[in-house]
>>> print(open('model_10.txt').read())   # compact mmCIF, C-alpha atoms and all ligand atoms
# COMPACT_ATOMS: atom_id res chain seq x y z
CA MET Y 28 91.97 127.92 129.42
CA LYS Y 29 93.74 127.53 126.09
CA SER Y 30 91.86 128.70 123.03
CA THR Y 31 90.99 126.29 120.23
CA LEU Y 32 93.26 126.68 117.22
CA LEU Y 33 91.64 124.17 114.96
CA GLU Y 34 88.51 122.05 114.97
CA LEU Y 35 87.31 119.17 112.79
CA ARG Y 36 83.62 118.21 112.84
CA ASP Y 37 82.25 115.10 111.18
CA VAL Y 38 84.87 115.25 108.43
CA ARG Y 39 84.66 112.61 105.73
CA PHE Y 40 87.13 112.18 102.91
CA ARG Y 41 87.40 109.57 100.19
CA TRP Y 42 90.10 109.38 97.50
CA PRO Y 43 88.67 109.23 93.97
CA GLY Y 44 87.87 105.64 93.08
CA ALA Y 45 88.17 104.33 96.65
CA ALA Y 46 85.41 101.89 97.63
CA SER Y 47 84.85 103.43 101.08
CA TRP Y 48 85.69 106.52 103.10
CA THR Y 49 89.42 106.88 103.66
CA LEU Y 50 88.74 109.00 106.73
CA HIS Y 51 85.80 109.79 108.97
CA ILE Y 52 86.73 112.02 111.88
CA PRO Y 53 83.67 112.74 114.05
CA ALA Y 54 85.57 115.28 116.15
CA LEU Y 55 89.12 116.51 116.69
CA ALA Y 56 90.32 119.77 118.21
CA LEU Y 57 93.79 121.20 118.72
CA ALA Y 58 94.32 123.82 121.41
CA ALA Y 59 96.69 126.71 120.76
CA GLY Y 60 100.16 125.84 121.98
CA GLU Y 61 99.64 122.14 122.65
CA ARG Y 62 101.93 119.46 121.30
CA VAL Y 63 100.10 116.44 119.94
CA PHE Y 64 101.42 113.07 118.82
CA LEU Y 65 99.25 111.42 116.15
CA HIS Y 66 99.96 107.79 115.45
CA GLY Y 67 98.52 104.94 113.44
CA PRO Y 68 99.79 102.16 111.20
CA SER Y 69 101.04 102.80 107.69
CA GLY Y 70 98.13 103.40 105.33
CA SER Y 71 95.71 104.41 108.12
CA GLY Y 72 95.30 107.92 106.68
CA LYS Y 73 97.71 110.07 108.70
CA SER Y 74 99.13 111.96 105.73
CA THR Y 75 95.65 112.34 104.23
CA LEU Y 76 94.45 113.91 107.49
CA LEU Y 77 97.39 116.34 107.47
CA SER Y 78 96.56 117.36 103.89
CA LEU Y 79 92.96 118.03 104.96
CA ILE Y 80 94.11 120.11 107.93
CA GLY Y 81 96.47 122.02 105.64
CA GLY Y 82 93.74 122.64 103.06
CA VAL Y 83 95.70 120.76 100.38
CA LEU Y 84 92.68 118.44 100.20
CA THR Y 85 89.05 119.39 100.83
CA PRO Y 86 86.68 117.00 102.63
CA GLN Y 87 83.55 115.78 100.84
CA GLN Y 88 81.61 116.34 104.07
CA GLY Y 89 82.09 118.13 107.36
CA HIS Y 90 84.04 121.19 108.47
CA ILE Y 91 87.62 122.10 109.29
CA ARG Y 92 87.69 125.41 111.10
CA TRP Y 93 90.72 127.47 111.97
CA GLN Y 94 89.73 129.83 114.78
CA GLY Y 95 86.27 129.87 113.24
CA GLN Y 96 87.39 130.18 109.59
CA ASP Y 97 86.32 127.34 107.30
CA LEU Y 98 89.12 126.32 104.94
CA ALA Y 99 86.68 124.77 102.45
CA ALA Y 100 84.89 128.10 102.04
CA MET Y 101 88.05 129.86 100.83
CA THR Y 102 89.13 130.11 97.19
CA PRO Y 103 92.09 127.86 96.34
CA SER Y 104 94.50 130.81 96.24
CA ALA Y 105 93.22 132.15 99.59
CA ARG Y 106 93.73 128.67 101.04
CA ASP Y 107 97.30 128.56 99.70
CA ARG Y 108 98.02 131.95 101.26
CA PHE Y 109 96.42 130.89 104.55
CA ARG Y 110 98.56 127.75 104.61
CA GLY Y 111 101.76 129.71 104.02
CA GLU Y 112 100.97 132.20 106.77
CA HIS Y 113 99.65 129.86 109.45
CA MET Y 114 101.40 126.53 108.97
CA GLY Y 115 104.92 125.22 108.76
CA PHE Y 116 105.46 121.74 107.31
CA ILE Y 117 108.22 119.27 108.01
CA PHE Y 118 108.26 116.21 105.76
CA GLN Y 119 110.02 112.87 105.90
CA GLN Y 120 112.10 113.81 102.84
CA PHE Y 121 112.87 117.38 104.09
CA ASN Y 122 112.05 119.04 100.72
CA LEU Y 123 115.03 121.39 100.96
CA LEU Y 124 116.58 122.99 97.87
CA PRO Y 125 119.94 121.16 97.88
CA TRP Y 126 121.92 123.82 96.02
CA LEU Y 127 120.91 126.64 98.39
CA SER Y 128 122.67 127.24 101.70
CA ALA Y 129 121.09 126.05 104.94
CA LEU Y 130 120.35 129.67 105.86
CA ASP Y 131 118.75 130.51 102.49
CA ASN Y 132 116.53 127.43 102.75
CA VAL Y 133 115.24 128.69 106.11
CA LEU Y 134 114.69 132.22 104.76
CA LEU Y 135 112.57 130.87 101.89
CA ALA Y 136 109.84 130.14 104.46
CA VAL Y 137 108.80 133.76 104.76
CA GLN Y 138 109.51 134.96 101.25
CA TRP Y 139 105.83 134.83 100.27
CA SER Y 140 104.32 135.13 103.77
CA PRO Y 141 104.09 138.80 104.77
CA LEU Y 142 102.40 138.05 108.13
CA ARG Y 143 105.14 135.66 109.15
CA ARG Y 144 107.80 138.06 107.90
CA ALA Y 145 106.27 140.91 109.87
CA ARG Y 146 106.75 138.96 113.12
CA LEU Y 147 110.51 138.85 112.63
CA ASN Y 148 112.97 141.38 113.97
CA SER Y 149 115.35 140.63 111.18
CA ALA Y 150 114.61 137.57 109.07
CA ARG Y 151 118.27 136.70 108.90
CA GLN Y 152 118.93 137.05 112.63
CA ASP Y 153 115.87 135.03 113.55
CA ALA Y 154 116.76 132.33 111.02
CA GLU Y 155 120.27 132.13 112.47
CA GLN Y 156 118.89 131.91 116.00
CA LEU Y 157 116.57 129.07 114.99
CA LEU Y 158 119.41 127.16 113.36
CA LYS Y 159 121.46 127.66 116.50
CA ASP Y 160 118.60 126.50 118.75
CA LEU Y 161 118.18 123.42 116.60
CA GLY Y 162 121.86 122.55 116.89
CA ILE Y 163 123.18 123.72 113.50
CA THR Y 164 126.51 125.44 114.09
CA GLN Y 165 127.52 128.69 112.43
CA ALA Y 166 130.06 126.84 110.26
CA GLU Y 167 127.14 125.03 108.61
CA TRP Y 168 124.85 127.97 107.90
CA GLN Y 169 126.43 128.76 104.52
CA ARG Y 170 126.94 125.17 103.41
CA GLN Y 171 124.74 123.84 100.64
CA ALA Y 172 121.86 121.94 102.18
CA GLY Y 173 122.61 118.93 99.98
CA GLN Y 174 126.02 118.56 101.60
CA LEU Y 175 124.71 118.33 105.16
CA SER Y 176 124.02 115.05 106.97
CA VAL Y 177 120.49 113.67 107.01
CA GLY Y 178 120.07 114.73 110.63
CA GLN Y 179 121.30 118.26 109.89
CA GLN Y 180 119.01 118.56 106.88
CA GLN Y 181 116.02 117.62 109.01
CA ARG Y 182 116.92 120.35 111.52
CA VAL Y 183 117.21 122.90 108.72
CA ALA Y 184 113.75 121.80 107.54
CA ALA Y 185 112.45 122.30 111.09
CA ALA Y 186 113.97 125.79 111.26
CA ARG Y 187 112.31 126.65 107.96
CA ALA Y 188 108.92 125.48 109.29
CA LEU Y 189 109.32 127.51 112.50
CA LEU Y 190 110.52 130.84 111.08
CA GLY Y 191 107.98 133.61 111.61
CA GLN Y 192 106.05 131.66 114.28
CA PRO Y 193 103.29 129.99 112.28
CA ASP Y 194 100.36 128.87 114.45
CA LEU Y 195 100.81 125.20 113.64
CA ILE Y 196 103.82 123.05 112.85
CA ILE Y 197 102.81 119.91 110.97
CA ALA Y 198 105.44 117.19 111.00
CA ASP Y 199 104.74 114.11 108.87
CA GLU Y 200 107.00 111.21 109.91
CA PRO Y 201 109.97 113.60 110.08
CA THR Y 202 112.17 111.14 111.95
CA SER Y 203 111.82 108.12 109.67
CA ALA Y 204 115.15 108.75 107.96
CA LEU Y 205 117.03 109.21 111.28
CA ASP Y 206 118.55 106.55 113.53
CA ALA Y 207 116.98 105.96 116.96
CA GLN Y 208 119.32 108.24 118.89
CA HIS Y 209 118.89 111.10 116.43
CA GLN Y 210 115.10 110.58 116.39
CA ASP Y 211 114.79 111.28 120.11
CA ARG Y 212 117.14 114.22 119.99
CA PHE Y 213 115.31 115.71 117.00
CA VAL Y 214 111.93 115.44 118.73
CA GLN Y 215 113.38 117.11 121.83
CA VAL Y 216 114.85 120.09 119.99
CA LEU Y 217 111.75 120.48 117.82
CA ASP Y 218 109.53 120.35 120.88
CA GLN Y 219 111.60 122.95 122.72
CA ALA Y 220 111.68 125.25 119.71
CA CYS Y 221 107.86 125.03 119.35
CA GLN Y 222 107.35 125.70 123.05
CA ALA Y 223 109.70 128.67 123.05
CA ARG Y 224 107.84 130.22 120.10
CA GLY Y 225 104.30 129.29 121.09
CA SER Y 226 103.66 127.19 117.96
CA THR Y 227 101.24 124.28 118.21
CA LEU Y 228 102.86 121.02 117.10
CA LEU Y 229 101.09 118.16 115.36
CA PHE Y 230 103.64 115.40 115.05
CA VAL Y 231 102.81 112.26 113.09
CA SER Y 232 104.58 108.94 113.35
CA HIS Y 233 103.87 105.22 113.23
CA ASP Y 234 106.55 104.87 115.95
CA GLU Y 235 104.71 105.07 119.28
CA ARG Y 236 107.98 105.08 121.17
CA LEU Y 237 108.29 108.80 120.39
CA SER Y 238 104.96 109.67 122.03
CA ARG Y 239 106.49 110.19 125.48
CA HIS Y 240 107.75 113.63 124.42
CA PHE Y 241 104.23 115.05 123.87
CA ASP Y 242 101.35 116.61 125.86
CA ARG Y 243 98.76 114.37 124.25
CA ARG Y 244 98.68 111.30 122.05
CA VAL Y 245 95.95 110.59 119.56
CA SER Y 246 95.43 107.27 117.80
CA LEU Y 247 94.03 107.74 114.30
CA PRO Y 248 92.29 104.32 114.26
CA GLU Y 249 90.59 105.20 117.58
CA LEU Y 250 89.60 108.62 116.27
CA GLN Y 251 87.85 107.16 113.24
CA GLY Y 252 84.10 106.82 113.03
CA SER Y 253 82.45 104.33 110.72
CA LEU Y 254 84.11 104.12 107.30
CA ALA Y 255 81.23 102.28 105.58
CA LEU Y 256 80.24 104.05 102.40
CA GLN Y 257 76.49 103.54 102.83
CA GLU Y 258 76.65 106.10 105.65
CA GLN Y 259 77.18 108.70 102.96
CA ALA Y 260 73.42 109.13 102.53
N1 LIG Y 301 97.16 110.37 96.24
C1 LIG Y 301 96.39 109.31 96.58
N2 LIG Y 301 95.47 108.82 95.72
C2 LIG Y 301 94.68 107.76 96.04
N3 LIG Y 301 94.74 107.13 97.24
C3 LIG Y 301 95.64 107.58 98.14
C4 LIG Y 301 96.52 108.68 97.86
N4 LIG Y 301 97.30 108.91 98.95
C5 LIG Y 301 96.94 107.98 99.85
N5 LIG Y 301 95.94 107.18 99.38
C6 LIG Y 301 95.29 106.07 100.11
O1 LIG Y 301 94.71 106.60 101.30
C7 LIG Y 301 94.93 105.69 102.39
C8 LIG Y 301 95.66 106.42 103.50
O2 LIG Y 301 96.97 106.77 103.04
P1 LIG Y 301 97.92 107.77 103.86
O3 LIG Y 301 97.13 108.94 104.25
O4 LIG Y 301 99.12 107.98 103.03
O5 LIG Y 301 98.27 106.89 105.16
P2 LIG Y 301 99.49 107.01 106.19
O6 LIG Y 301 100.06 108.39 106.07
O7 LIG Y 301 98.88 106.74 107.53
O8 LIG Y 301 100.48 105.95 105.82
C9 LIG Y 301 95.68 104.49 101.82
O9 LIG Y 301 94.74 103.49 101.54
C10 LIG Y 301 96.31 105.05 100.57
O10 LIG Y 301 96.47 104.05 99.62
MG MG Y 302 102.01 109.04 105.66
>>> encode(input="model_10.txt", output="structure tokens")
Amino acid sequence: MKSTLLELRDVRFRWPGAASWTLHIPALALAAGERVFLHGPSGSGKSTLLSLIGGVLTPQQGHIRWQGQDLAAMTPSARDRFRGEHMGFIFQQFNLLPWLSALDNVLLAVQWSPLRRARLNSARQDAEQLLKDLGITQAEWQRQAGQLSVGQQQRVAAARALLGQPDLIIADEPTSALDAQHQDRFVQVLDQACQARGSTLLFVSHDERLSRHFDRRVSLPELQGSLALQEQA
């Protein structure tokens, strides 16, 4: 049986000033190595949930445990370190440094993550292999990221997230800027790269069409418990 990577128990989170809970997740677990599609309409709390899982936000109630370790119990700097070592993020807007080469953007991933760096044979070789696997040709490795197409930039962002085999790849609507054909192709290459490296993938989208590529699909609205604020007591 697969081991549990991450477990949420009775997690409640409310943005400051909000009239009710933004999220109430009675239970959610991710197994090591599985590839999960999380969907829900815009504004349903998908990005908020990812920030909780990543320890960027801390829940007002409940627990988020990574292989038994509670993120909320860590100091903020320990949480930042933990995030850098164990998670790779892919965002809708890529967040690449446009003046750096594609290759240097990928290498940045492990600059401050000694555990991830220690897993690499040679950071440069592994980064090049990832770019290759994700369909970025050698001619593009030294080009400035800002000069690449949108689809290429998203693959560079995926390579950066994957370098050094973090336990979890978190992808927040990473295909929204791509056209339909490139969306499917991107999900396929990302999925293959995660499988080959044993990284768990949590992929978020409002576009349910993409769910067919995944082991499991989770609906955020169905996952939610009661959001009424009086349950706070
Ligand atoms: N930084 C923030 N401050 C206050 N409220 C926020 C913030 N980010 C998101 N929200 C609110 O939290 C709810 C969920 O938003 P979000 O997690 O971004 O949903 P999704 O990613 O599914 O579109 C929305 O009602 C949104 O307005
Ligand atoms: Mg979002």
>>> closest_residue(input="model_10.txt", among="Y:Gly70, Y:Gly82, Y:Gly44, Y:Pro125", to="ligand MG 302 (chain Y)", atoms="only C-alpha atoms and all ligand atoms")
Y:Gly70
>>> residues_near_ligand(input="model_10.txt", ligand="ligand LIG 301 (chain Y)", cutoff="8 Å", atoms="all atoms listed in the file", output="list in words")
Arg41, Trp42, Pro43, Gly44, Ala45, Thr49, Gly67, Pro68, Ser69, Gly70, Ser71, Gly72, Lys73, Ser74, Thr75, Leu76, Asp199 and His233 of chain Y
>>> closest_residue(input="model_10.txt", among="Y:Gly115, Y:Gly60, Y:Gly95, Y:Pro201", to="Y:Leu35", atoms="only C-alpha atoms")
Y:Gly95
>>> residues_around(input="model_10.txt", residues="Y:Arg106", least_positions_apart="4", cutoff="10 Å", atoms="only C-alpha atoms", output="list in words")
Gly81, Gly82, Val83, Asp97, Leu98, Ala99, Ala100, Met101, Thr102, Arg110, Gly111 and Glu112 of chain Y
>>> closest_residue(input="model_10.txt", among="Y:Phe109, Y:Phe118, Y:Phe40, Y:Trp126", to="ligand MG 302 (chain Y)", atoms="all atoms listed in the file")
Y:Phe118
>>> residues_around(input="model_10.txt", residues="Y:Leu250", least_positions_apart="2", cutoff="12 Å", atoms="all atoms listed in the file", output="tab-separated table (two decimals) with C-alpha atoms, in the frame of the given file")
chain	number	residue	atom	x	y	z
Y	35	LEU	CA	87.31	119.17	112.79
Y	36	ARG	CA	83.62	118.21	112.84
Y	37	ASP	CA	82.25	115.10	111.18
Y	38	VAL	CA	84.87	115.25	108.43
Y	50	LEU	CA	88.74	109.00	106.73
Y	51	HIS	CA	85.80	109.79	108.97
Y	52	ILE	CA	86.73	112.02	111.88
Y	53	PRO	CA	83.67	112.74	114.05
Y	54	ALA	CA	85.57	115.28	116.15
Y	55	LEU	CA	89.12	116.51	116.69
Y	56	ALA	CA	90.32	119.77	118.21
Y	65	LEU	CA	99.25	111.42	116.15
Y	66	HIS	CA	99.96	107.79	115.45
Y	67	GLY	CA	98.52	104.94	113.44
Y	71	SER	CA	95.71	104.41	108.12
Y	72	GLY	CA	95.30	107.92	106.68
Y	73	LYS	CA	97.71	110.07	108.70
Y	76	LEU	CA	94.45	113.91	107.49
Y	244	ARG	CA	98.68	111.30	122.05
Y	245	VAL	CA	95.95	110.59	119.56
Y	246	SER	CA	95.43	107.27	117.80
Y	247	LEU	CA	94.03	107.74	114.30
Y	248	PRO	CA	92.29	104.32	114.26
Y	252	GLY	CA	84.10	106.82	113.03
Y	253	SER	CA	82.45	104.33	110.72
Y	254	LEU	CA	84.11	104.12	107.30
>>> atom_distance(input="model_10.txt", atom1="atom CA of Y:Gln169", atom2="atom CA of Y:Asn132")
10.1 Å
>>> closest_residue(input="model_10.txt", among="Y:Pro86, Y:Glu200, Y:Pro141, Y:Leu130", to="ligand MG 302 (chain Y)", atoms="only C-alpha atoms and all ligand atoms")
Y:Glu200
>>> atom_distance(input="model_10.txt", atom1="atom CA of Y:Glu167", atom2="atom CA of Y:Ala136")
18.5 Å
>>> atom_distance(input="model_10.txt", atom1="atom CA of Y:Gln87", atom2="atom CA of Y:Gln251")
15.7 Å
>>> residues_near_point(input="model_10.txt", point="(112.6, 120.5, 109.1)", cutoff="12 Å", atoms="only C-alpha atoms", output="MDAnalysis selection string")
chainID Y and resid 115:123 129 132:133 136 157:158 161 163 172 177:190 196:202 213:214 216:217 220 230
